[in-house]
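Source file: upload.csv; contents: CSV, C-alpha atoms.
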chain,number,residue,atom,x,y,z
L,1,MET,CA,0.0,0.0,0.0
L,2,ALA,CA,1.3,3.5,-0.9
L,3,LEU,CA,-0.1,7.0,-0.8
L,4,ASP,CA,0.5,9.5,-3.5
L,5,THR,CA,3.1,11.9,-2.1
L,6,ILE,CA,2.0,14.7,-4.5
L,7,ASP,CA,-1.5,14.5,-3.1
L,8,LEU,CA,-0.1,14.7,0.5
L,9,ILE,CA,1.9,17.8,-0.1
L,10,GLY,CA,-0.2,20.7,1.1
L,11,ALA,CA,-3.1,18.4,2.1
L,12,VAL,CA,-1.8,17.7,5.6
L,13,PRO,CA,-0.7,20.6,7.8
L,14,GLY,CA,3.1,20.7,8.2
L,15,THR,CA,3.0,22.2,11.6
L,16,ALA,CA,5.6,21.7,14.3
L,17,MET,CA,3.3,19.5,16.5
L,18,PRO,CA,5.0,16.2,17.3
L,19,LEU,CA,4.5,13.3,14.9
L,20,THR,CA,2.0,10.8,16.2
L,21,ASP,CA,0.3,7.9,14.4
L,22,GLN,CA,-3.5,7.2,14.4
L,23,PHE,CA,-3.0,4.9,17.4
L,24,GLN,CA,-1.5,7.7,19.5
L,25,ARG,CA,2.0,6.3,19.3
L,26,PRO,CA,4.7,9.1,19.2
L,27,ILE,CA,7.1,8.5,16.3
L,28,THR,CA,10.5,9.6,17.4
L,29,TYR,CA,12.9,7.2,15.7
L,30,LEU,CA,14.0,7.0,12.1
L,31,ARG,CA,16.0,4.1,10.8
L,32,ILE,CA,17.9,5.0,7.6
L,33,SER,CA,19.2,2.4,5.1
L,34,VAL,CA,22.1,4.0,3.3
L,35,THR,CA,22.7,1.0,1.0
L,36,ASP,CA,21.1,-2.3,0.1
L,37,ARG,CA,24.5,-4.0,-0.5
L,38,CYS,CA,26.3,-6.2,2.0
L,39,ASN,CA,29.6,-8.0,2.2
L,40,LEU,CA,28.0,-11.0,3.9
L,41,ARG,CA,25.3,-13.4,2.8
L,42,CYS,CA,23.7,-14.5,6.1
L,43,VAL,CA,21.3,-17.4,5.6
L,44,TYR,CA,18.4,-15.7,7.5
L,45,CYS,CA,18.9,-12.4,5.6
L,46,MET,CA,19.5,-12.9,1.9
L,47,PRO,CA,20.3,-15.5,-0.8
L,48,GLU,CA,23.9,-16.6,-1.3
L,49,GLU,CA,24.0,-15.1,-4.8
L,50,GLY,CA,22.8,-11.7,-3.6
L,51,LEU,CA,19.9,-9.7,-5.1
L,52,PRO,CA,19.5,-7.3,-7.9
L,53,TRP,CA,21.0,-4.2,-6.4
L,54,ILE,CA,19.4,-0.8,-6.5
L,55,GLU,CA,20.9,1.4,-9.2
L,56,LYS,CA,23.3,4.1,-7.9
L,57,SER,CA,21.1,6.9,-9.4
L,58,GLU,CA,18.2,5.7,-7.4
L,59,ILE,CA,20.0,5.8,-4.0
L,60,LEU,CA,19.4,8.9,-1.9
L,61,THR,CA,22.4,11.2,-1.7
L,62,PHE,CA,23.7,12.4,1.7
L,63,GLU,CA,22.2,15.8,1.0
L,64,GLU,CA,18.8,14.2,0.2
L,65,ILE,CA,18.9,12.1,3.4
L,66,VAL,CA,19.7,15.3,5.4
L,67,ARG,CA,16.6,17.1,3.9
L,68,VAL,CA,14.4,14.2,5.0
L,69,VAL,CA,15.9,14.1,8.5
L,70,GLU,CA,15.5,17.9,8.8
L,71,ALA,CA,11.8,17.6,8.1
L,72,GLY,CA,11.4,14.7,10.5
L,73,ALA,CA,13.3,16.5,13.3
L,74,ALA,CA,11.0,19.5,12.9
L,75,ILE,CA,8.1,17.3,14.0
L,76,GLY,CA,9.7,15.2,16.7
L,77,VAL,CA,12.1,12.7,15.3
L,78,ARG,CA,15.0,12.6,17.7
L,79,SER,CA,16.9,9.4,17.1
L,80,ILE,CA,18.6,8.1,13.9
L,81,ARG,CA,20.0,4.7,13.2
L,82,LEU,CA,22.0,4.1,10.1
L,83,THR,CA,21.6,0.6,8.6
L,84,GLY,CA,22.1,-1.2,5.3
L,85,GLY,CA,22.6,-3.8,3.9
L,86,GLU,CA,25.9,-3.1,5.5
L,87,PRO,CA,26.1,0.7,6.1
L,88,LEU,CA,29.9,0.8,6.3
L,89,ILE,CA,30.1,-0.1,2.7
L,90,ARG,CA,28.7,3.3,1.8
L,91,ARG,CA,31.7,5.6,1.1
L,92,ASP,CA,32.4,8.5,3.4
L,93,LEU,CA,29.7,7.5,5.9
L,94,PRO,CA,31.3,9.7,8.7
L,95,LYS,CA,30.4,12.7,6.5
L,96,LEU,CA,26.8,11.8,6.7
L,97,VAL,CA,27.0,11.2,10.5
L,98,ARG,CA,28.5,14.7,10.9
L,99,LYS,CA,25.7,16.3,8.8
L,100,LEU,CA,23.0,14.5,10.8
L,101,ALA,CA,24.6,15.4,14.1
L,102,ALA,CA,24.3,19.1,13.2
L,103,ILE,CA,20.6,19.0,12.7
L,104,ASP,CA,18.6,20.8,15.4
L,105,GLY,CA,16.6,18.3,17.4
L,106,ILE,CA,18.6,15.1,16.6
L,107,THR,CA,19.9,13.9,19.9
L,108,ASP,CA,21.1,10.4,19.1
L,109,ILE,CA,22.8,8.7,16.2
L,110,ALA,CA,23.4,5.0,16.2
L,111,LEU,CA,24.8,2.4,13.7
L,112,SER,CA,23.8,-1.2,13.0
L,113,THR,CA,26.6,-3.1,11.4
L,114,ASN,CA,28.0,-6.6,10.9
L,115,GLY,CA,31.3,-5.2,12.3
L,116,MET,CA,33.5,-6.4,9.4
L,117,MET,CA,34.7,-2.8,8.7
L,118,LEU,CA,34.1,-1.2,12.0
L,119,ALA,CA,37.6,-1.2,13.5
L,120,GLU,CA,39.0,0.8,10.6
L,121,GLN,CA,36.3,3.4,10.8
L,122,ILE,CA,35.2,3.7,14.4
L,123,ASP,CA,37.4,6.7,15.4
L,124,GLU,CA,36.2,8.8,12.5
L,125,LEU,CA,32.6,7.8,13.1
L,126,VAL,CA,32.7,8.7,16.8
L,127,ASP,CA,34.5,12.0,16.1
L,128,ALA,CA,31.6,12.8,13.6
L,129,GLY,CA,29.0,12.2,16.3
L,130,LEU,CA,28.2,8.5,16.4
L,131,ARG,CA,27.0,7.6,19.9
L,132,ARG,CA,25.9,4.0,19.8
L,133,VAL,CA,26.5,0.8,17.8
L,134,ASN,CA,24.8,-2.5,17.4
L,135,ILE,CA,27.0,-5.3,16.0
L,136,SER,CA,25.7,-8.6,14.5
L,137,LEU,CA,27.4,-11.7,15.9
L,138,ASP,CA,25.6,-15.1,15.6
L,139,THR,CA,28.4,-17.4,16.7
L,140,LEU,CA,31.8,-17.5,18.5
L,141,ARG,CA,33.1,-20.3,16.2
L,142,GLU,CA,34.8,-19.5,12.9
L,143,ASP,CA,33.5,-22.5,11.1
L,144,ARG,CA,29.9,-21.6,12.1
L,145,PHE,CA,30.5,-18.0,11.2
L,146,PHE,CA,31.3,-19.1,7.7
L,147,ALA,CA,28.3,-21.5,7.6
L,148,ILE,CA,25.9,-18.7,8.6
L,149,ALA,CA,27.4,-15.7,6.9
L,150,ARG,CA,28.7,-17.6,3.9
L,151,ARG,CA,31.9,-15.5,4.2
L,152,PRO,CA,34.9,-15.6,6.6
L,153,GLY,CA,35.5,-12.8,9.1
L,154,LEU,CA,34.8,-13.7,12.7
L,155,ASP,CA,38.1,-12.1,13.7
L,156,ARG,CA,37.2,-8.9,12.0
L,157,VAL,CA,33.9,-8.7,13.8
L,158,MET,CA,35.5,-9.4,17.2
L,159,ALA,CA,38.0,-6.6,16.4
L,160,GLY,CA,35.1,-4.3,15.7
L,161,ILE,CA,33.5,-5.1,19.1
L,162,ASP,CA,36.8,-4.4,20.9
L,163,ALA,CA,37.3,-1.1,18.9
L,164,ALA,CA,33.8,0.0,19.8
L,165,LEU,CA,34.4,-0.6,23.5
L,166,ARG,CA,37.8,1.2,23.4
L,167,ALA,CA,36.1,4.1,21.7
L,168,GLY,CA,33.8,4.6,24.6
L,169,LEU,CA,30.5,3.5,23.0
L,170,GLU,CA,29.6,1.4,26.1
L,171,PRO,CA,27.3,-0.4,26.3
L,172,VAL,CA,27.8,-2.1,22.9
L,173,LYS,CA,24.8,-4.1,21.8
L,174,ILE,CA,25.4,-7.5,20.1
L,175,ASN,CA,22.6,-8.9,18.0
L,176,CYS,CA,22.5,-12.7,17.7
L,177,VAL,CA,19.8,-14.4,15.5
L,178,VAL,CA,19.1,-17.7,17.1
L,179,MET,CA,18.6,-20.8,14.9
L,180,ARG,CA,18.0,-24.3,16.1
L,181,GLY,CA,20.7,-26.7,15.0
L,182,ARG,CA,23.0,-23.9,13.8
L,183,ASN,CA,23.9,-21.8,16.9
L,184,ASP,CA,21.4,-22.5,19.7
L,185,ASP,CA,23.9,-24.6,21.6
L,186,GLU,CA,26.1,-21.4,22.0
L,187,LEU,CA,23.5,-19.3,23.9
L,188,ALA,CA,25.1,-19.7,27.3
L,189,ASP,CA,28.6,-18.9,25.9
L,190,MET,CA,27.2,-15.8,24.2
L,191,ALA,CA,25.4,-14.7,27.3
L,192,ALA,CA,28.6,-15.2,29.4
L,193,LEU,CA,30.2,-12.4,27.4
L,194,THR,CA,28.0,-10.0,29.5
L,195,ARG,CA,29.6,-10.9,32.8
L,196,ASP,CA,32.9,-9.0,32.5
L,197,ARG,CA,32.3,-6.6,29.7
L,198,ALA,CA,29.8,-3.8,29.0
L,199,LEU,CA,28.0,-5.9,26.3
L,200,PHE,CA,24.3,-6.2,25.9
L,201,VAL,CA,23.8,-9.5,24.0
L,202,ARG,CA,20.4,-9.5,22.4
L,203,PHE,CA,19.0,-12.8,21.2
L,204,ILE,CA,16.6,-12.4,18.3
L,205,GLU,CA,13.9,-14.8,17.1
L,206,VAL,CA,14.6,-15.5,13.4
L,207,MET,CA,12.0,-13.6,11.3
L,208,PRO,CA,10.4,-14.5,8.0
L,209,VAL,CA,11.1,-12.9,4.6
L,210,GLU,CA,10.6,-14.4,1.1
L,211,GLU,CA,14.2,-15.7,0.9
L,212,ASN,CA,14.3,-17.4,4.3
L,213,LEU,CA,10.9,-19.1,4.9
L,214,ASP,CA,12.4,-22.6,5.0
L,215,VAL,CA,15.2,-21.5,7.4
L,216,GLN,CA,12.7,-19.6,9.6
L,217,ARG,CA,10.2,-22.4,9.8
L,218,ASP,CA,12.8,-25.1,10.5
L,219,THR,CA,15.1,-23.3,12.9
L,220,TYR,CA,12.8,-21.0,14.9
L,221,VAL,CA,13.5,-20.8,18.6
L,222,SER,CA,11.2,-18.8,20.9
L,223,SER,CA,12.5,-16.2,23.3
L,224,ASP,CA,11.2,-18.3,26.2
L,225,GLU,CA,13.3,-21.2,25.2
L,226,ILE,CA,16.3,-18.9,24.7
L,227,LEU,CA,16.1,-17.6,28.2
L,228,GLU,CA,15.7,-21.1,29.6
L,229,SER,CA,19.0,-22.1,27.9
L,230,VAL,CA,20.8,-19.0,29.2
L,231,ARG,CA,19.6,-19.7,32.8
L,232,THR,CA,21.6,-22.9,32.8
L,233,ILE,CA,24.7,-20.9,33.7
L,234,GLY,CA,23.1,-18.6,36.3
L,235,GLU,CA,20.1,-16.8,37.6
L,236,LEU,CA,18.8,-13.9,35.6
L,237,GLU,CA,17.1,-10.9,37.0
L,238,PRO,CA,15.0,-8.4,35.0
L,239,VAL,CA,16.8,-5.1,34.5
L,240,ASP,CA,16.3,-1.9,32.6
L,241,GLY,CA,17.8,-1.8,29.2
L,242,PRO,CA,20.5,0.7,28.0
L,243,GLY,CA,19.6,3.9,26.3
L,244,GLY,CA,18.1,3.4,22.9
L,245,ASN,CA,14.8,2.7,21.1
L,246,GLY,CA,14.7,-1.0,20.7
L,247,PRO,CA,12.1,-3.6,21.7
L,248,ALA,CA,14.3,-5.9,23.7
L,249,ARG,CA,13.5,-7.2,27.2
L,250,TYR,CA,16.6,-7.4,29.4
L,251,PHE,CA,17.9,-9.6,32.1
L,252,ALA,CA,21.3,-9.8,33.9
L,253,PHE,CA,23.4,-12.2,35.9
L,254,ARG,CA,24.2,-10.9,39.4
L,255,GLY,CA,27.2,-8.5,39.3
L,256,ALA,CA,27.4,-8.6,35.5
L,257,ARG,CA,28.7,-5.5,33.7
L,258,GLY,CA,26.3,-6.1,30.8
L,259,ALA,CA,23.0,-7.8,30.2
L,260,VAL,CA,21.1,-10.3,28.1
L,261,GLY,CA,18.2,-9.3,26.0
L,262,VAL,CA,15.5,-11.0,23.9
L,263,ILE,CA,13.8,-9.6,20.9
L,264,SER,CA,10.7,-11.6,20.2
L,265,PRO,CA,8.5,-10.4,17.3
L,266,LEU,CA,6.7,-13.7,17.0
L,267,SER,CA,6.3,-15.0,20.5
L,268,HIS,CA,5.8,-11.7,22.3
L,269,ASP,CA,5.2,-8.9,19.8
L,270,TYR,CA,5.9,-5.3,20.9
L,271,CYS,CA,3.8,-3.4,18.3
L,272,GLU,CA,1.9,-1.4,20.9
L,273,ARG,CA,5.2,0.4,21.7
L,274,CYS,CA,6.3,1.0,18.1
L,275,ASN,CA,7.9,4.4,17.8
L,276,ARG,CA,9.7,4.1,14.4
L,277,VAL,CA,9.5,4.4,10.7
L,278,ARG,CA,12.2,3.4,8.1
L,279,LEU,CA,13.7,5.1,5.1
L,280,SER,CA,14.9,2.8,2.4
L,281,ALA,CA,18.1,3.4,0.5
L,282,ASP,CA,16.0,4.4,-2.6
L,283,GLY,CA,13.8,6.8,-0.6
L,284,ARG,CA,10.7,4.9,0.4
L,285,LEU,CA,9.3,5.7,3.9
L,286,ARG,CA,8.3,2.3,5.2
L,287,LEU,CA,5.7,2.3,8.0
L,288,CYS,CA,6.2,-1.3,9.3
L,289,LEU,CA,9.1,-3.7,8.8
L,290,PHE,CA,6.7,-6.5,8.1
L,291,GLY,CA,4.2,-4.7,5.9
L,292,ASP,CA,4.1,-3.2,2.5
L,293,GLN,CA,2.9,0.2,3.5
L,294,HIS,CA,5.2,2.9,2.2
L,295,ILE,CA,5.4,6.4,0.8
L,296,ASP,CA,7.8,7.6,-1.9
L,297,LEU,CA,9.9,10.4,-0.5
L,298,ARG,CA,12.6,10.5,-3.2
L,299,THR,CA,10.3,12.0,-5.8
L,300,PRO,CA,9.2,15.1,-3.8
L,301,VAL,CA,12.8,15.6,-2.5
L,302,ARG,CA,14.2,15.6,-6.1
L,303,ALA,CA,11.3,17.8,-7.3
L,304,GLY,CA,12.4,20.5,-4.8
L,305,ALA,CA,9.8,19.9,-2.0
L,306,SER,CA,10.2,22.3,0.9
L,307,ARG,CA,10.7,21.2,4.5
L,308,ASP,CA,7.1,22.0,5.2
L,309,ASP,CA,6.1,19.8,2.2
L,310,LEU,CA,8.1,16.9,3.5
L,311,MET,CA,6.7,17.4,7.0
L,312,ALA,CA,3.3,17.0,5.4
L,313,VAL,CA,4.3,13.8,3.8
L,314,PHE,CA,5.5,12.4,7.1
L,315,ARG,CA,2.2,13.3,8.7
L,316,GLY,CA,0.2,11.8,5.8
L,317,SER,CA,2.2,8.6,6.1
L,318,MET,CA,0.6,8.1,9.6
L,319,LEU,CA,-2.7,7.4,7.8
L,320,ILE,CA,-1.3,4.0,6.6
L,321,LYS,CA,1.0,3.0,9.5
L,322,PRO,CA,-0.6,-0.2,10.7
L,323,GLU,CA,-1.4,-1.0,14.3
L,324,ARG,CA,0.6,-4.2,14.3
L,325,HIS,CA,2.4,-6.7,12.1
L,326,HIS,CA,1.0,-10.2,11.2
L,327,LEU,CA,4.0,-12.4,11.5
L,328,ARG,CA,3.3,-16.2,11.4
L,329,LEU,CA,5.9,-19.0,11.6
L,330,GLY,CA,7.0,-20.0,8.1
L,331,GLU,CA,4.7,-17.4,6.3
L,332,GLN,CA,5.6,-14.3,4.4
L,333,SER,CA,4.0,-11.2,5.7
L,334,SER,CA,5.2,-8.7,3.1
L,335,ARG,CA,6.8,-8.6,-0.3
L,336,MET,CA,10.2,-7.9,1.2
L,337,ARG,CA,12.6,-10.5,-0.2
L,338,ALA,CA,15.5,-10.0,2.2
L,339,PHE,CA,16.4,-7.9,5.3
L,340,SER,CA,19.2,-6.3,3.3
L,341,GLU,CA,16.5,-4.2,1.5
L,342,ILE,CA,15.7,-2.2,4.6
L,343,GLY,CA,18.2,-3.0,7.4
L,344,GLY,CA,15.8,-4.8,9.8
Take the structure in the file and give it back as C-alpha cells.
Amino acid sequence: MALDTIDLIGAVPGTAMPLTDQFQRPITYLRISVTDRCNLRCVYCMPEEGLPWIEKSEILTFEEIVRVVEAGAAIGVRSIRLTGGEPLIRRDLPKLVRKLAAIDGITDIALSTNGMMLAEQIDELVDAGLRRVNISLDTLREDRFFAIARRPGLDRVMAGIDAALRAGLEPVKINCVVMRGRNDDELADMAALTRDRALFVRFIEVMPVEENLDVQRDTYVSSDEILESVRTIGELEPVDGPGGNGPARYFAFRGARGAVGVISPLSHDYCERCNRVRLSADGRLRLCLFGDQHIDLRTPVRAGASRDDLMAVFRGSMLIKPERHHLRLGEQSSRMRAFSEIGG
C-alpha cells in the first residue's frame, strides 16, 4: 500500500506538532538504510547469490537524506539509526554522520553493522557524532560464522567489538539471531560475554522474509526457550535496558557489567510500543518492517519539495501506518525479499 506523495503535499498541515500515528504512538525514531548492499550473505537475511542491487542513481544522496531528516526532526524525530545492507560499505559515511549530528533536534545517532569494517572506521565515526553501535554476531566459532554468513570474518567482527568498547561506546549491543541446529547450543557462551564486559547480548527470534521461509520455519527458537537455555549458567534478574529505542526485554546475571536481551517479534510482539519508521536506500518511507505500507519520499525531494512539504508527507504517512504486524511462523507477511533491503 502506498499513498501518492503529490496529493499529500499541502493536504496535511506541516505544523511543528510532534508526529503521532493514528493509534497515538509518538514517532521519534527513524532508521535509515544507506545501501542495500552487503559484504556477507547471512542465511536468514538474503540469498547466497545476492539480489538485484538498486541502481546508484536511485539511491538517496547524503544531501537528500539530510533534507528528509531535517523535516522529521522538525516534528519530533530525535533518534537516527544508520543501517544497510551493511552501512559501512557506503563511502564517506562519517560525513553523513556529521551532517546529521548538526541537525537541530537530533539527539542520538546510532549504527547497525556486521562489524566487518568497524575497527577501521570507528574513530572517525565517533568524532563525527556517532553515539551507539549494534553489531551482529551469531556465533563464536569461525566454522559456524562461515556457515551462517557464507563468508569468513569472525576475527574482524571481534576486532570491531573491541574497537567500539575502546572508543567509549559502552554499552555495545550485540545482535544474535538464534537458529535451532546452527547456533542454539552457544547461547550460554554468548550470554557469558556480558559478565565481565559492558556488552548487551540480544538474542533475536529468526523472522520470515521471502528468501528465508524454510530457514525460519525449520530453525525457529522462541525467546522463552532462549532464556531457559541461558539460565543454565546462572540466575537472571529483569533489568532496565540501556539507552536506545529497541524492543528488547533485558535480564542480567548478578554482578554482570552487561545484560542479556531477547527480541521476540513472533512469541511476544511489541507493536503497541512502536515508535519508528524506516527510510529505504531508494527513498521509500516504510511504515512497518513486516508490511508493504510505504510512501515515496525520493520523488518530492528531487522535485524540490520544501521542508514543510516533507513534514506534510511524514504526517500523511501516519494514515497508513498499521497498528501491528501479522507475522506467522514460516509465512511471508510482506513482499520484502530480504532484510538487506531495509536493514531490519
With all atoms listed in the file as the basis for distance, which of L:Ala147, L:Asn114, L:Arg131, L:Leu187 is at the shortest distance from Glu225 of chain L? L:Leu187
Residue list as a VMD selection string for point (32.7, -16.6, 4.4), cut-off 12 Å, all atoms listed in the file: chain L and resid 39 to 43 48 116 142 to 156
If you count only C-alpha atoms, which residues fall within 9 Å of Leu169 of chain L, apart from same-chain ones fewer than 5 positions away, as a list in words?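 Here the answer would be Val126, Leu130, Arg131, Arg132, Val133 and Ala164 of chain L.
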Residues within 8 Å of Ser223 of chain L, all atoms listed in the file, excluding chain neighbours under 2 positions, as a VMD selection string: chain L and resid 203 to 205 221 225 to 227 262 to 264 267
Can you tell me which residues surround Met190 of chain L at a distance of at most 9 Å, considering all atoms listed in the file, apart from same-chain residues fewer than 5 positions away, and format the answer as a PDB file with C-alpha atoms, in the coordinates of the input?
ATOM      1  CA  ASP L 138      25.600 -15.100  15.600  1.00  0.00           C
ATOM      2  CA  THR L 139      28.400 -17.400  16.700  1.00  0.00           C
ATOM      3  CA  LEU L 140      31.800 -17.500  18.500  1.00  0.00           C
ATOM      4  CA  CYS L 176      22.500 -12.700  17.700  1.00  0.00           C
ATOM      5  CA  VAL L 201      23.800  -9.500  24.000  1.00  0.00           C
ATOM      6  CA  VAL L 230      20.800 -19.000  29.200  1.00  0.00           C
TER       7      VAL L 230
END
Proximity to Arg273 of chain L - best of L:Ala248, L:Arg286, L:Ala128, L:Gly84, only C-alpha atoms: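 That would be L:Ala248, the residue with the smallest distance to Arg273 of chain L.
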For the atom pair atom CA of Cys38 of chain L and atom CA of Ala167 of chain L, what is the interatomic distance in Å to one decimal place?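 Straight-line distance from atom CA of Cys38 of chain L to atom CA of Ala167 of chain L works out to 24.3 Å.
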How many Å lie between atom CA of Ile135 of chain L and atom CA of Val260 of chain L, rounded to one decimal?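 Value for the atom CA of Ile135 of chain L-atom CA of Val260 of chain L distance: 14.4 Å.
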Protein and nucleic acid residues near (21.8, -8.5, 26.7) (cut-off 9 Å, all atoms listed in the file) as a ChimeraX atom specification: /L:173-175,191,194,199-203,241,248-252,258-262
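Each of L:Arg284, L:Arg217, L:Arg315, L:Arg257 was checked against Val172 of chain L using only C-alpha atoms; the smallest atom-to-atom distance is that of L:Arg257.
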Quote the spacing between atom CA of Leu287 of chain L and atom CA of Tyr220 of chain L in Å to one decimal place. 25.3 Å
Of L:Leu137, L:Met17, L:Ile106, L:Ala71, the one sitting nearest Asp309 of chain L when using all atoms listed in the file is L:Ala71
Near Val277 of chain L, within 8 Å and counting only C-alpha atoms, which residues show up once chain neighbours fewer than 6 positions away are dropped, as a PyMOL selection string? chain L and resi 27+29-31+285-288
Provide segment 295-320 of chain L of the preceding structure as a file containing N, CA and C atoms, as a short mmCIF file (atom, residue, chain, number, x, y, z; two decimals), in the first residue's frame.
data_model
loop_
_atom_site.label_atom_id
_atom_site.label_comp_id
_atom_site.auth_asym_id
_atom_site.auth_seq_id
_atom_site.Cartn_x
_atom_site.Cartn_y
_atom_site.Cartn_z
N ILE L 295 5.63 5.13 1.49
CA ILE L 295 5.42 6.38 0.76
C ILE L 295 6.72 6.76 0.08
N ASP L 296 6.63 7.21 -1.14
CA ASP L 296 7.79 7.64 -1.91
C ASP L 296 8.21 9.04 -1.46
N LEU L 297 9.40 9.14 -0.86
CA LEU L 297 9.94 10.45 -0.49
C LEU L 297 10.96 10.95 -1.50
N ARG L 298 11.55 10.05 -2.25
CA ARG L 298 12.59 10.48 -3.20
C ARG L 298 12.02 11.43 -4.26
N THR L 299 10.84 11.13 -4.77
CA THR L 299 10.26 11.97 -5.83
C THR L 299 10.06 13.41 -5.37
N PRO L 300 9.39 13.66 -4.23
CA PRO L 300 9.25 15.06 -3.82
C PRO L 300 10.57 15.72 -3.46
N VAL L 301 11.49 14.97 -2.86
CA VAL L 301 12.79 15.56 -2.53
C VAL L 301 13.48 16.04 -3.79
N ARG L 302 13.48 15.20 -4.83
CA ARG L 302 14.17 15.57 -6.07
C ARG L 302 13.39 16.59 -6.89
N ALA L 303 12.10 16.77 -6.57
CA ALA L 303 11.30 17.78 -7.26
C ALA L 303 11.39 19.14 -6.57
N GLY L 304 12.18 19.20 -5.48
CA GLY L 304 12.38 20.48 -4.81
C GLY L 304 11.41 20.76 -3.69
N ALA L 305 10.78 19.74 -3.11
CA ALA L 305 9.83 19.95 -2.02
C ALA L 305 10.50 20.68 -0.86
N SER L 306 9.74 21.57 -0.24
CA SER L 306 10.25 22.32 0.91
C SER L 306 10.21 21.45 2.16
N ARG L 307 10.80 21.94 3.23
CA ARG L 307 10.75 21.21 4.49
C ARG L 307 9.31 21.04 4.95
N ASP L 308 8.47 22.08 4.82
CA ASP L 308 7.07 21.96 5.20
C ASP L 308 6.36 20.91 4.35
N ASP L 309 6.70 20.85 3.06
CA ASP L 309 6.12 19.82 2.19
C ASP L 309 6.46 18.43 2.70
N LEU L 310 7.72 18.22 3.06
CA LEU L 310 8.15 16.90 3.53
C LEU L 310 7.55 16.58 4.90
N MET L 311 7.39 17.59 5.73
CA MET L 311 6.70 17.37 7.00
C MET L 311 5.28 16.88 6.76
N ALA L 312 4.62 17.45 5.74
CA ALA L 312 3.26 17.03 5.41
C ALA L 312 3.24 15.57 4.95
N VAL L 313 4.27 15.17 4.21
CA VAL L 313 4.35 13.77 3.77
C VAL L 313 4.52 12.85 4.97
N PHE L 314 5.39 13.22 5.91
CA PHE L 314 5.53 12.43 7.13
C PHE L 314 4.18 12.28 7.82
N ARG L 315 3.45 13.38 7.97
CA ARG L 315 2.16 13.33 8.66
C ARG L 315 1.16 12.46 7.89
N GLY L 316 1.13 12.61 6.58
CA GLY L 316 0.23 11.80 5.78
C GLY L 316 0.53 10.32 5.87
N SER L 317 1.81 9.99 6.05
CA SER L 317 2.18 8.58 6.13
C SER L 317 1.57 7.90 7.35
N MET L 318 1.24 8.67 8.37
CA MET L 318 0.65 8.10 9.57
C MET L 318 -0.73 7.50 9.30
N LEU L 319 -1.36 7.89 8.19
CA LEU L 319 -2.68 7.36 7.84
C LEU L 319 -2.61 5.90 7.43
N ILE L 320 -1.43 5.43 7.03
CA ILE L 320 -1.31 4.03 6.61
C ILE L 320 -0.35 3.22 7.48
#
